[in-house]
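Okay, entry_28.cif is below, mmCIF, C-alpha atoms:
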```cif
data_model
#
loop_
_atom_site.label_atom_id
_atom_site.label_comp_id
_atom_site.auth_asym_id
_atom_site.auth_seq_id
_atom_site.Cartn_x
_atom_site.Cartn_y
_atom_site.Cartn_z
CA MET I 21 0.00 0.00 0.00
CA ASN I 22 1.54 3.33 -1.07
CA SER I 23 2.31 6.23 1.28
CA SER I 24 -0.64 8.29 0.03
CA ILE I 25 -3.12 5.55 0.95
CA ASN I 26 -1.39 5.04 4.31
CA SER I 27 -1.74 8.77 5.01
CA GLU I 28 -5.43 8.75 4.07
CA LEU I 29 -6.02 5.65 6.19
CA ALA I 30 -4.32 7.27 9.21
CA ALA I 31 -6.45 10.40 8.75
CA LEU I 32 -9.62 8.29 8.61
CA GLU I 33 -8.68 6.38 11.78
CA GLN I 34 -7.90 9.60 13.67
CA THR I 35 -11.20 11.14 12.56
CA CYS I 36 -13.05 8.06 13.82
CA LYS I 37 -11.36 8.33 17.22
CA ALA I 38 -12.21 12.01 17.44
CA LEU I 39 -15.82 11.29 16.46
CA ILE I 40 -16.55 8.89 19.33
CA ARG I 41 -15.05 11.33 21.85
CA LEU I 42 -17.52 14.07 20.90
CA ARG I 43 -20.83 14.61 22.66
CA ASP I 44 -21.92 17.76 20.81
CA GLU I 45 -24.24 16.69 17.98
CA THR I 46 -23.42 19.62 15.66
CA ALA I 47 -19.68 18.97 15.83
CA ALA I 48 -20.26 15.22 15.62
CA ARG I 49 -22.29 15.63 12.44
CA SER I 50 -19.45 17.61 10.85
CA LEU I 51 -16.91 14.93 11.77
CA ALA I 52 -19.29 12.16 10.58
CA GLU I 53 -19.45 13.83 7.17
CA LEU I 54 -15.64 13.86 7.14
CA VAL I 55 -15.51 10.13 8.00
CA VAL I 56 -17.87 9.33 5.13
CA SER I 57 -15.85 11.48 2.73
CA ARG I 58 -12.52 9.97 3.79
CA TYR I 59 -13.85 6.43 3.67
CA THR I 60 -15.14 7.04 0.13
CA THR I 61 -11.81 8.52 -0.96
CA LEU I 62 -9.87 5.73 0.75
CA THR I 63 -11.60 3.01 -1.25
CA GLN I 64 -11.06 4.48 -4.69
CA VAL I 65 -7.54 3.01 -5.04
CA ASN I 66 -6.45 -0.42 -3.77
CA ALA I 67 -9.98 -0.58 -2.42
CA ASP I 68 -10.02 -4.00 -0.76
CA ASP I 69 -6.58 -3.69 0.83
CA ALA I 70 -7.47 -0.30 2.28
CA LYS I 71 -10.84 -1.53 3.55
CA ARG I 72 -9.32 -4.58 5.22
CA LYS I 73 -6.75 -2.44 7.00
CA PHE I 74 -9.43 0.00 8.15
CA PHE I 75 -11.67 -2.80 9.45
CA THR I 76 -8.68 -4.32 11.25
CA SER I 77 -8.19 -1.00 13.05
CA LEU I 78 -11.84 -1.19 14.16
CA VAL I 79 -11.06 -4.56 15.74
CA GLU I 80 -7.81 -3.45 17.37
CA ASP I 81 -8.75 0.05 18.54
CA PHE I 82 -12.54 0.00 18.96
CA SER I 83 -13.23 -3.29 20.77
CA PRO I 84 -14.42 -3.62 24.40
CA ASP I 85 -11.93 -3.05 27.23
CA VAL I 86 -11.08 -6.62 28.23
CA LEU I 87 -10.07 -5.75 31.81
CA ALA I 88 -13.17 -3.62 32.41
CA LEU I 89 -15.37 -6.43 31.07
CA LYS I 90 -13.61 -8.98 33.27
CA ASP I 91 -14.14 -6.78 36.35
CA ALA I 92 -17.82 -6.31 35.48
CA VAL I 93 -18.33 -10.06 35.08
CA THR I 94 -16.61 -10.69 38.44
CA ALA I 95 -18.82 -8.08 40.12
CA TYR I 96 -21.94 -9.66 38.62
CA GLN I 97 -20.95 -13.14 39.79
CA GLU I 98 -20.64 -11.75 43.31
CA ALA I 99 -23.83 -9.67 43.31
CA LEU I 100 -26.16 -11.25 40.71
CA ASP I 101 -28.35 -8.15 40.62
CA PRO I 102 -29.77 -6.05 37.74
CA ILE I 103 -27.34 -3.18 38.29
CA SER I 104 -24.24 -5.37 37.97
CA ALA I 105 -25.82 -7.14 35.01
CA GLN I 106 -26.25 -3.77 33.28
CA ARG I 107 -22.59 -2.99 33.93
CA VAL I 108 -21.62 -6.21 32.17
CA TRP I 109 -23.77 -5.16 29.21
CA ASP I 110 -22.20 -1.70 29.13
CA ALA I 111 -18.65 -3.09 29.37
CA ALA I 112 -19.31 -5.65 26.61
CA GLU I 113 -20.48 -3.04 24.11
CA ALA I 114 -17.72 -2.19 21.66
CA PRO I 115 -16.87 1.52 21.22
CA ARG I 116 -17.27 1.03 17.46
CA LEU I 117 -21.05 0.82 18.02
CA ASP I 118 -20.97 4.47 19.10
CA LEU I 119 -18.79 5.19 16.08
CA PHE I 120 -21.35 3.62 13.72
CA ARG I 121 -24.21 5.48 15.41
CA SER I 122 -22.30 8.73 14.92
CA ILE I 123 -21.51 7.96 11.27
CA ASN I 124 -25.25 7.57 10.75
CA LEU I 125 -25.58 11.31 11.51
CA ALA I 126 -23.94 12.12 8.15
CA SER I 127 -26.15 12.80 5.16
CA ASP I 128 -24.92 9.66 3.40
CA GLY I 129 -23.97 7.84 6.57
CA ILE I 130 -26.48 5.01 6.27
CA HIS I 131 -25.27 4.21 2.74
CA THR I 132 -21.68 4.12 4.02
CA LEU I 133 -22.59 1.70 6.82
CA LEU I 134 -24.46 -0.54 4.39
CA HIS I 135 -21.45 -0.59 2.08
CA MET I 136 -19.17 -1.41 5.01
CA ARG I 137 -21.23 -4.45 5.99
CA ALA I 138 -21.55 -5.58 2.36
CA ASP I 139 -17.75 -5.49 2.05
CA LEU I 140 -17.28 -7.39 5.32
CA LEU I 141 -19.70 -10.10 4.16
CA ARG I 142 -17.85 -10.31 0.85
CA PHE I 143 -14.44 -10.68 2.54
CA LYS I 144 -15.61 -13.64 4.68
CA ASP I 145 -12.72 -12.89 7.06
CA THR I 146 -13.36 -14.38 10.52
CA SER I 147 -10.88 -11.96 12.10
CA LEU I 148 -13.26 -9.14 11.12
CA SER I 149 -16.50 -10.92 12.06
CA SER I 150 -16.97 -8.92 15.28
CA VAL I 151 -17.19 -5.71 13.23
CA GLU I 152 -19.68 -7.28 10.83
CA LYS I 153 -21.84 -8.57 13.71
CA ASP I 154 -21.90 -5.14 15.34
CA LEU I 155 -23.11 -3.62 12.07
CA GLU I 156 -25.71 -6.36 11.69
CA TYR I 157 -26.97 -5.63 15.21
CA LEU I 158 -27.45 -1.93 14.49
CA LEU I 159 -28.85 -2.32 10.98
CA SER I 160 -31.37 -4.95 12.07
CA SER I 161 -32.64 -2.40 14.63
CA TRP I 162 -32.71 0.54 12.23
CA PHE I 163 -34.34 -1.48 9.44
CA ASN I 164 -36.84 -3.46 11.49
CA ARG I 165 -40.38 -3.86 10.17
CA GLY I 166 -41.72 -1.01 12.28
CA PHE I 167 -39.67 1.55 10.33
CA LEU I 168 -40.45 0.19 6.86
CA GLU I 169 -43.20 1.38 4.55
CA LEU I 170 -44.80 -0.86 1.92
CA GLN I 171 -45.27 1.08 -1.32
CA SER I 172 -46.91 0.09 -4.59
CA ILE I 173 -44.59 0.88 -7.51
CA GLY I 174 -46.18 1.85 -10.83
CA TRP I 175 -45.37 3.63 -14.04
CA GLN I 176 -46.14 6.96 -12.33
CA THR I 177 -43.55 6.30 -9.61
CA PRO I 178 -40.64 8.81 -9.85
CA ALA I 179 -38.07 7.85 -12.47
CA LYS I 180 -35.28 7.80 -9.86
CA THR I 181 -36.98 4.86 -8.15
CA LEU I 182 -37.84 3.10 -11.41
CA GLU I 183 -34.19 3.30 -12.44
CA LYS I 184 -33.33 1.43 -9.24
CA LEU I 185 -35.63 -1.44 -10.29
CA ILE I 186 -33.72 -1.82 -13.56
CA GLU I 187 -30.38 -1.55 -11.76
CA TYR I 188 -31.09 -4.00 -8.94
CA GLU I 189 -33.33 -6.66 -10.56
CA ALA I 190 -31.42 -9.88 -9.88
CA VAL I 191 -33.73 -12.71 -10.94
CA HIS I 192 -34.98 -11.86 -14.44
CA GLU I 193 -33.15 -8.96 -16.08
CA ILE I 194 -35.30 -5.95 -16.96
CA ARG I 195 -34.48 -5.32 -20.63
CA GLY I 196 -34.89 -1.57 -20.71
CA TRP I 197 -37.78 0.83 -20.17
CA ASP I 198 -40.26 -0.95 -22.45
CA ASP I 199 -39.79 -4.18 -20.51
CA LEU I 200 -40.20 -2.32 -17.22
CA ARG I 201 -43.40 -0.67 -18.44
CA ARG I 202 -44.82 -4.09 -19.34
CA ARG I 203 -44.05 -5.30 -15.82
CA LEU I 204 -46.10 -2.42 -14.42
CA GLU I 205 -49.24 -2.84 -16.56
CA HIS I 206 -52.72 -3.37 -15.09
CA ASP I 207 -52.24 -7.17 -14.91
CA ARG I 208 -49.00 -6.75 -12.96
CA ARG I 209 -48.07 -5.46 -9.53
CA CYS I 210 -44.81 -4.36 -7.95
CA TYR I 211 -44.31 -3.62 -4.27
CA GLY I 212 -41.29 -2.56 -2.28
CA PHE I 213 -40.24 -1.80 1.26
CA PHE I 214 -38.84 1.71 1.74
CA HIS I 215 -37.05 3.30 4.71
CA PRO I 216 -37.19 7.01 5.68
CA SER I 217 -33.39 7.25 5.35
CA LEU I 218 -33.53 5.99 1.74
CA PRO I 219 -36.84 7.37 0.43
CA ASP I 220 -36.15 6.89 -3.28
CA GLU I 221 -34.53 3.49 -3.07
CA PRO I 222 -36.38 0.20 -2.41
CA LEU I 223 -34.69 -2.07 0.10
CA ILE I 224 -36.41 -5.09 -1.43
CA PHE I 225 -39.10 -5.42 -4.08
CA VAL I 226 -41.33 -8.14 -5.47
CA GLU I 227 -42.85 -8.40 -8.95
CA VAL I 228 -46.25 -10.05 -9.30
CA ALA I 229 -48.17 -11.31 -12.33
CA LEU I 230 -51.98 -11.61 -12.09
CA LEU I 231 -53.05 -14.62 -14.17
CA HIS I 232 -55.50 -17.47 -14.60
CA GLY I 233 -53.93 -20.60 -13.10
CA LEU I 234 -50.34 -21.44 -12.26
CA ALA I 235 -47.57 -20.13 -14.48
CA THR I 236 -44.96 -22.74 -15.39
CA ARG I 237 -42.66 -20.81 -17.78
CA ILE I 238 -41.12 -17.42 -17.10
CA ALA I 239 -41.38 -16.44 -20.78
CA ASP I 240 -45.16 -16.81 -20.54
CA VAL I 241 -45.10 -14.26 -17.72
CA ILE I 242 -42.56 -11.70 -18.89
CA ASP I 243 -43.44 -11.72 -22.59
CA ALA I 244 -47.21 -12.21 -22.35
CA PRO I 245 -49.41 -9.71 -24.21
CA VAL I 246 -51.35 -7.25 -22.08
CA PRO I 247 -54.89 -8.60 -21.55
CA SER I 248 -57.94 -6.46 -22.24
CA ASN I 249 -59.70 -4.83 -19.34
CA ASP I 250 -62.91 -2.98 -20.07
CA ALA I 251 -66.55 -3.04 -19.05
CA THR I 252 -67.46 -5.73 -21.60
CA ASP I 253 -64.43 -7.91 -20.83
CA PRO I 254 -63.23 -7.23 -17.27
CA PHE I 255 -59.91 -8.68 -16.19
CA LEU I 256 -60.58 -11.09 -13.29
CA PRO I 257 -57.43 -13.07 -12.46
CA ASP I 258 -57.58 -15.93 -9.97
CA THR I 259 -53.84 -16.41 -9.32
CA ALA I 260 -51.05 -14.10 -8.18
CA ILE I 261 -47.61 -15.27 -9.32
CA PHE I 262 -44.61 -13.88 -7.44
CA TYR I 263 -41.96 -14.25 -10.12
CA SER I 264 -39.12 -12.09 -8.83
CA ILE I 265 -38.00 -11.00 -5.36
CA THR I 266 -34.88 -8.83 -5.25
CA ASN I 267 -32.90 -7.63 -2.24
CA CYS I 268 -31.38 -4.32 -3.21
CA GLN I 269 -28.93 -3.82 -0.37
CA ALA I 270 -26.18 -6.41 0.12
CA GLY I 271 -25.49 -4.81 3.50
CA LEU I 272 -28.91 -5.98 4.74
CA ARG I 273 -28.31 -9.64 3.92
CA GLY I 274 -29.59 -11.90 6.67
CA ILE I 275 -32.08 -9.31 7.95
CA PRO I 276 -35.50 -10.88 7.19
CA LEU I 277 -37.18 -8.28 5.00
CA GLY I 278 -38.49 -10.75 2.41
CA ASP I 279 -40.52 -12.76 4.93
CA PHE I 280 -42.50 -9.67 5.92
CA LEU I 281 -42.78 -8.37 2.36
CA LEU I 282 -44.47 -11.44 0.88
CA LYS I 283 -46.99 -11.79 3.68
CA GLN I 284 -47.93 -8.12 3.60
CA VAL I 285 -48.23 -8.13 -0.20
CA ILE I 286 -50.57 -11.15 -0.05
CA SER I 287 -52.76 -9.26 2.42
CA GLU I 288 -52.71 -6.19 0.16
CA LEU I 289 -53.66 -8.24 -2.91
CA GLN I 290 -56.52 -9.94 -1.06
CA LEU I 291 -57.96 -6.49 -0.36
CA THR I 292 -57.37 -4.90 -3.76
CA VAL I 293 -57.94 -7.86 -6.16
CA PRO I 294 -60.81 -9.87 -4.60
CA SER I 295 -60.99 -12.33 -7.53
CA LEU I 296 -57.66 -13.88 -6.44
CA ASN I 297 -57.87 -17.27 -4.70
CA GLN I 298 -54.33 -18.62 -5.22
CA PHE I 299 -50.91 -17.18 -4.37
CA SER I 300 -47.85 -18.85 -5.85
CA THR I 301 -44.26 -18.20 -6.79
CA LEU I 302 -42.48 -19.08 -10.00
CA SER I 303 -39.06 -19.57 -8.48
CA PRO I 304 -35.55 -20.46 -9.65
CA VAL I 305 -33.53 -23.36 -8.25
CA PRO I 306 -30.15 -21.62 -8.20
CA GLY I 307 -28.13 -24.39 -6.55
CA LEU I 308 -29.25 -27.42 -8.57
CA CYS I 309 -26.45 -27.62 -11.16
CA ARG I 310 -23.80 -26.81 -8.56
CA TRP I 311 -25.10 -29.62 -6.32
CA VAL I 312 -25.01 -32.10 -9.21
CA ASP I 313 -21.40 -31.12 -9.97
CA GLU I 314 -20.19 -31.10 -6.37
CA GLU I 315 -21.80 -34.44 -5.54
CA ASN I 316 -20.68 -36.01 -8.85
CA ILE I 317 -24.25 -37.10 -9.55
CA ASP I 318 -24.80 -39.08 -12.73
CA LEU I 319 -28.05 -37.93 -14.32
CA GLU I 320 -28.56 -41.42 -15.66
CA THR I 321 -29.05 -42.51 -12.04
CA PHE I 322 -32.30 -40.58 -12.27
CA GLU I 323 -32.94 -41.85 -15.82
CA ASN I 324 -32.51 -38.22 -16.91
CA ASP I 325 -35.71 -37.44 -14.99
CA LEU I 326 -35.23 -33.77 -14.05
CA GLU I 327 -38.39 -33.67 -11.94
CA THR I 328 -37.19 -36.44 -9.65
CA LEU I 329 -33.66 -35.02 -9.58
CA THR I 330 -34.95 -31.58 -8.59
CA ALA I 331 -37.32 -32.94 -5.94
CA THR I 332 -34.48 -34.99 -4.46
CA TYR I 333 -32.23 -31.95 -4.34
CA LEU I 334 -34.83 -29.64 -2.81
CA LEU I 335 -35.94 -32.06 -0.10
CA THR I 336 -32.87 -34.13 0.76
CA ALA I 337 -29.85 -31.86 0.18
CA LYS I 338 -29.50 -30.17 3.57
CA ARG I 339 -27.32 -27.78 5.55
CA ASN I 340 -27.96 -27.57 9.27
CA ASN I 341 -31.23 -29.48 8.91
CA GLN I 342 -32.51 -26.96 6.37
CA PRO I 343 -32.71 -27.14 2.57
CA ARG I 344 -29.40 -26.40 0.92
CA ASP I 345 -31.09 -24.42 -1.85
CA PRO I 346 -31.42 -20.78 -0.69
CA VAL I 347 -34.71 -20.12 -2.49
CA ALA I 348 -36.30 -23.33 -1.18
CA ARG I 349 -35.05 -22.52 2.30
CA PHE I 350 -36.56 -19.04 2.15
CA HIS I 351 -40.03 -20.07 0.93
CA LEU I 352 -40.42 -23.26 2.97
CA ARG I 353 -39.27 -21.51 6.14
CA ASN I 354 -41.72 -18.73 5.31
CA GLY I 355 -44.64 -21.18 5.35
CA ALA I 356 -45.08 -22.02 1.66
CA GLN I 357 -45.74 -25.47 0.21
CA LEU I 358 -43.56 -26.95 -2.52
CA GLU I 359 -46.25 -27.51 -5.14
CA GLN I 360 -44.85 -28.25 -8.59
CA ILE I 361 -41.62 -28.62 -10.58
CA ASN I 362 -41.61 -27.18 -14.09
CA ILE I 363 -39.21 -28.50 -16.73
CA ASP I 364 -38.04 -25.90 -19.29
CA GLY I 365 -39.42 -23.15 -17.09
CA ASP I 366 -36.47 -20.84 -17.76
CA LEU I 367 -34.62 -21.39 -21.03
CA SER I 368 -32.34 -18.38 -20.59
CA PRO I 369 -28.58 -19.02 -20.34
CA LYS I 370 -28.75 -18.20 -16.62
CA GLY I 371 -31.64 -20.61 -16.07
CA GLN I 372 -29.87 -23.39 -17.95
CA SER I 373 -26.57 -22.90 -16.13
CA GLU I 374 -28.14 -22.79 -12.66
CA SER I 375 -30.89 -25.40 -12.83
CA PHE I 376 -31.06 -27.03 -16.28
CA GLY I 377 -33.96 -24.62 -16.97
CA VAL I 378 -36.12 -25.87 -14.08
CA LEU I 379 -38.47 -23.53 -12.19
CA VAL I 380 -40.63 -24.32 -9.16
CA ASN I 381 -44.03 -23.23 -7.83
CA TYR I 382 -44.31 -22.63 -4.09
CA ILE I 383 -47.89 -22.08 -2.90
CA TYR I 384 -48.68 -19.57 -0.17
CA ASP I 385 -52.01 -20.48 1.38
CA PRO I 386 -52.90 -17.76 3.91
CA GLU I 387 -54.80 -20.36 5.96
CA THR I 388 -51.80 -22.65 6.45
CA VAL I 389 -48.74 -20.38 6.24
CA ALA I 390 -48.36 -20.03 10.01
CA GLU I 391 -48.78 -23.77 10.61
CA ASN I 392 -46.28 -24.64 7.86
CA HIS I 393 -43.77 -22.15 9.26
CA GLU I 394 -44.01 -23.69 12.73
CA ALA I 395 -43.54 -27.20 11.28
CA PHE I 396 -40.38 -26.02 9.53
CA ILE I 397 -38.93 -24.25 12.59
CA ASN I 398 -39.90 -26.76 15.27
CA GLU I 399 -39.78 -30.08 13.39
CA HIS I 400 -37.61 -29.33 10.33
CA ARG I 401 -40.59 -30.61 8.33
CA LEU I 402 -40.97 -29.51 4.71
CA VAL I 403 -44.54 -29.19 3.41
CA VAL I 404 -44.95 -30.59 -0.11
CA SER I 405 -47.80 -31.47 -2.45
CA GLN I 406 -48.88 -35.04 -3.13
CA LYS I 407 -47.34 -34.76 -6.57
CA ILE I 408 -43.91 -33.98 -5.09
CA SER I 409 -44.24 -36.74 -2.47
CA THR I 410 -44.87 -39.22 -5.26
CA LEU I 411 -41.73 -38.10 -7.09
CA ILE I 412 -39.59 -38.65 -3.99
CA LYS I 413 -41.08 -42.10 -3.39
CA LYS I 414 -40.36 -43.01 -6.99
#
```

With the file now loaded, output its structure as structure tokens.
Amino acid sequence: MNSSINSELAALEQTCKALIRLRDETAARSLAELVVSRYTTLTQVNADDAKRKFFTSLVEDFSPDVLALKDAVTAYQEALDPISAQRVWDAAEAPRLDLFRSINLASDGIHTLLHMRADLLRFKDTSLSSVEKDLEYLLSSWFNRGFLELQSIGWQTPAKTLEKLIEYEAVHEIRGWDDLRRRLEHDRRCYGFFHPSLPDEPLIFVEVALLHGLATRIADVIDAPVPSNDATDPFLPDTAIFYSITNCQAGLRGIPLGDFLLKQVISELQLTVPSLNQFSTLSPVPGLCRWVDEENIDLETFENDLETLTATYLLTAKRNNQPRDPVARFHLRNGAQLEQINIDGDLSPKGQSESFGVLVNYIYDPETVAENHEAFINEHRLVVSQKISTLIKK
């Protein structure tokens, strides 16, 4: 790392130390702005090396006082009262938590903190995990459901927000403004969670197609013609298909925004589109091909039967008693039922490379979601349709 970067890093570290010593909010806000500016400048050259060194300084210089914590624990063991317990809590809190709270005073402070956690997650460096966990603790409090607002996103939504949809969409690429407009027509819905600190930027959004019956191919959803909707031929869909859920902020990974989003959107759709009687996803299986490669599975073992192969992967490939596949884990934990496996559901290069083109329907039945969720959490039981059960038995 060159001398210029070392000088900028030293200036950033000194500014951070000065920031947590301040108690005057006006002065603290000025220093917080300087921290954000210096952090941004620091990461423009040799970005990852500079970030790692900065995060290491947060471990070395902004961790709890070990001796003070030890004394507090000893005092608690002798007294076992609420006051000594509070002193343990206070001693265990790292000074960097105050630093992060102060950085949040800056105009772009929350973005900076989100970027910091996203970088820490990307590094996967256990020596820095305490910093990442402190950020997770604060962000999960600041972005809890009570602070979030569900907003319907339509063609009249400000362009700044619509641009974010195109930028962030991670499941099925939005192919320009015409494609986006089609996804916001009268037979489509889009909802997102927004936070007061980021008013123009969705934290997570879901795209919904209103159809007749289950969708089995993504092309039939994305490229379908717009249906008529007038007095002589009213549009009365019976099924809502959730075909894309995108987390926009990598720094919020692991904070359960999607669970709340889907359940609230289902409630909203029940109120606004009373003809609906079925709520389903059309979901990717992003880990299928990787699992086949890593386990050296011969497709001929399954007689080239992709349905049985996919069902076996979704229901038997586990990590910590939960489905290995991240999408299956999300929906089944959230109370959905694995309903149907669709061959050739996604013929895009991405779909072929991830799952041999397979897509899956997960059904959200409002009457059984809570029961299914409890079965998953308490019994590690996965709720599946009779059709899927038959595939596994075969």

Contacts of region 166-183 of chain I at 7 Å (all atoms listed in the file; same-chain gap of 5+ positions) as a VMD selection string: chain I and resid 201 204 210 to 215 220 to 221

May I have the selected residues written with C-alpha atoms, as a PDB file, in the coordinates of the input?
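Below you can see out.pdb, which holds the result:
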```pdb
ATOM      1  CA  ARG I 201     -43.400  -0.670 -18.440  1.00  0.00           C
ATOM      2  CA  LEU I 204     -46.100  -2.420 -14.420  1.00  0.00           C
ATOM      3  CA  CYS I 210     -44.810  -4.360  -7.950  1.00  0.00           C
ATOM      4  CA  TYR I 211     -44.310  -3.620  -4.270  1.00  0.00           C
ATOM      5  CA  GLY I 212     -41.290  -2.560  -2.280  1.00  0.00           C
ATOM      6  CA  PHE I 213     -40.240  -1.800   1.260  1.00  0.00           C
ATOM      7  CA  PHE I 214     -38.840   1.710   1.740  1.00  0.00           C
ATOM      8  CA  HIS I 215     -37.050   3.300   4.710  1.00  0.00           C
ATOM      9  CA  ASP I 220     -36.150   6.890  -3.280  1.00  0.00           C
ATOM     10  CA  GLU I 221     -34.530   3.490  -3.070  1.00  0.00           C
TER      11      GLU I 221
END
```

Straight-line distance linking CA of Phe350 (chain I) with CA of Asp279 (chain I), stated in Å to one decimal: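 Separating CA of Phe350 (chain I) from CA of Asp279 (chain I) is a distance of 7.9 Å.
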
Hey, what's within 10 Å of Gln106 (chain I) if we count only C-alpha atoms and toss same-chain stuff fewer than 5 positions away? As a PDB file with C-alpha atoms, keeping the file's coordinate frame, please?
```
ATOM      1  CA  ALA I  92     -17.820  -6.310  35.480  1.00  0.00           C
ATOM      2  CA  TYR I  96     -21.940  -9.660  38.620  1.00  0.00           C
ATOM      3  CA  ASP I 101     -28.350  -8.150  40.620  1.00  0.00           C
ATOM      4  CA  ALA I 111     -18.650  -3.090  29.370  1.00  0.00           C
ATOM      5  CA  ALA I 112     -19.310  -5.650  26.610  1.00  0.00           C
TER       6      ALA I 112
END
```

Residue IDs satisfying the PyMOL selection byres ((chain I and resi 398-408) around 10), as an MDAnalysis selection string: chainID I and resid 327:328 330:332 334:335 340:343 348:349 352:353 355:361 382:383 391:397 409:414

Ground truth for the PyMOL selection byres ((chain I and resi 151) around 10), written as an MDAnalysis selection string: chainID I and resid 75:76 78:79 82:83 114 116:117 136:137 140 146:150 152:157

Since we have the selection now, will you write its residues out, keeping C-alpha atoms, as a PDB file, in the frame of the given file?
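Result file out.pdb:
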```pdb
ATOM      1  CA  PHE I  75     -11.670  -2.800   9.450  1.00  0.00           C
ATOM      2  CA  THR I  76      -8.680  -4.320  11.250  1.00  0.00           C
ATOM      3  CA  LEU I  78     -11.840  -1.190  14.160  1.00  0.00           C
ATOM      4  CA  VAL I  79     -11.060  -4.560  15.740  1.00  0.00           C
ATOM      5  CA  PHE I  82     -12.540   0.000  18.960  1.00  0.00           C
ATOM      6  CA  SER I  83     -13.230  -3.290  20.770  1.00  0.00           C
ATOM      7  CA  ALA I 114     -17.720  -2.190  21.660  1.00  0.00           C
ATOM      8  CA  ARG I 116     -17.270   1.030  17.460  1.00  0.00           C
ATOM      9  CA  LEU I 117     -21.050   0.820  18.020  1.00  0.00           C
ATOM     10  CA  MET I 136     -19.170  -1.410   5.010  1.00  0.00           C
ATOM     11  CA  ARG I 137     -21.230  -4.450   5.990  1.00  0.00           C
ATOM     12  CA  LEU I 140     -17.280  -7.390   5.320  1.00  0.00           C
ATOM     13  CA  THR I 146     -13.360 -14.380  10.520  1.00  0.00           C
ATOM     14  CA  SER I 147     -10.880 -11.960  12.100  1.00  0.00           C
ATOM     15  CA  LEU I 148     -13.260  -9.140  11.120  1.00  0.00           C
ATOM     16  CA  SER I 149     -16.500 -10.920  12.060  1.00  0.00           C
ATOM     17  CA  SER I 150     -16.970  -8.920  15.280  1.00  0.00           C
ATOM     18  CA  GLU I 152     -19.680  -7.280  10.830  1.00  0.00           C
ATOM     19  CA  LYS I 153     -21.840  -8.570  13.710  1.00  0.00           C
ATOM     20  CA  ASP I 154     -21.900  -5.140  15.340  1.00  0.00           C
ATOM     21  CA  LEU I 155     -23.110  -3.620  12.070  1.00  0.00           C
ATOM     22  CA  GLU I 156     -25.710  -6.360  11.690  1.00  0.00           C
ATOM     23  CA  TYR I 157     -26.970  -5.630  15.210  1.00  0.00           C
TER      24      TYR I 157
END
```

For this file, the PyMOL selection byres ((chain I and resi 260-266) around 6) selects which residues, as an mmCIF file with C-alpha atoms, in the coordinates of the input?
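Wrote selection32.cif, looks like this:
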```
data_model
loop_
_atom_site.group_PDB
_atom_site.id
_atom_site.type_symbol
_atom_site.label_atom_id
_atom_site.label_comp_id
_atom_site.auth_asym_id
_atom_site.auth_seq_id
_atom_site.Cartn_x
_atom_site.Cartn_y
_atom_site.Cartn_z
ATOM 1 C CA GLU I 189 -33.330 -6.660 -10.560
ATOM 2 C CA ALA I 190 -31.420 -9.880 -9.880
ATOM 3 C CA VAL I 191 -33.730 -12.710 -10.940
ATOM 4 C CA ILE I 224 -36.410 -5.090 -1.430
ATOM 5 C CA PHE I 225 -39.100 -5.420 -4.080
ATOM 6 C CA VAL I 226 -41.330 -8.140 -5.470
ATOM 7 C CA GLU I 227 -42.850 -8.400 -8.950
ATOM 8 C CA VAL I 228 -46.250 -10.050 -9.300
ATOM 9 C CA ALA I 229 -48.170 -11.310 -12.330
ATOM 10 C CA LEU I 230 -51.980 -11.610 -12.090
ATOM 11 C CA THR I 259 -53.840 -16.410 -9.320
ATOM 12 C CA ASN I 267 -32.900 -7.630 -2.240
ATOM 13 C CA PHE I 299 -50.910 -17.180 -4.370
ATOM 14 C CA SER I 300 -47.850 -18.850 -5.850
ATOM 15 C CA THR I 301 -44.260 -18.200 -6.790
ATOM 16 C CA LEU I 302 -42.480 -19.080 -10.000
#
```

Between CA of Leu87 (chain I) and CA of Phe120 (chain I) - distance in Å to one decimal: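 Computing the Euclidean distance for CA of Phe120 (chain I) and CA of Leu87 (chain I) yields 23.3 Å.
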
Separation of CA of Ala235 (chain I) from CA of Leu289 (chain I), in Å and rounded to one decimal: 17.7 Å

Nearest-residue call for Lys71 (chain I), choices I:Thr321, I:Gln97, I:Asn26, I:Thr336, using all atoms listed in the file: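 Result for the nearest residue to Lys71 (chain I): I:Asn26.
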
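With all atoms listed in the file as the basis for measurement, I:Asp139 is the residue among I:Thr292, I:Asp139, I:His192, I:Asp345 that approaches Asp68 (chain I) most closely.
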
Shell of 8 Å around Leu29 (chain I), all atoms listed in the file, local chain residues under 2 positions omitted, as a PyMOL selection string: chain I and resi 25-27+31-33+62+70+74

Which residue of I:His206, I:Asp318, I:Leu218, I:Leu39 approaches Asp118 (chain I) most closely, using only C-alpha atoms: I:Leu39

Pro304 (chain I) environment, 9 Å, all atoms listed in the file, sequence neighbours closer than 4 positions dropped, as a PyMOL selection string: chain I and resi 191+263+347-348+365-366+371+374-375+377-380

Which residue of I:Leu272, I:Ile317, I:Ile363, I:Leu326 approaches Arg237 (chain I) most closely, using only C-alpha atoms: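 Nearest to Arg237 (chain I): I:Ile363.
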
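Using only C-alpha atoms, the nearest neighbour of Pro222 (chain I) within the list I:Lys184, I:Leu234, I:Arg195, I:Asp253 is I:Lys184.
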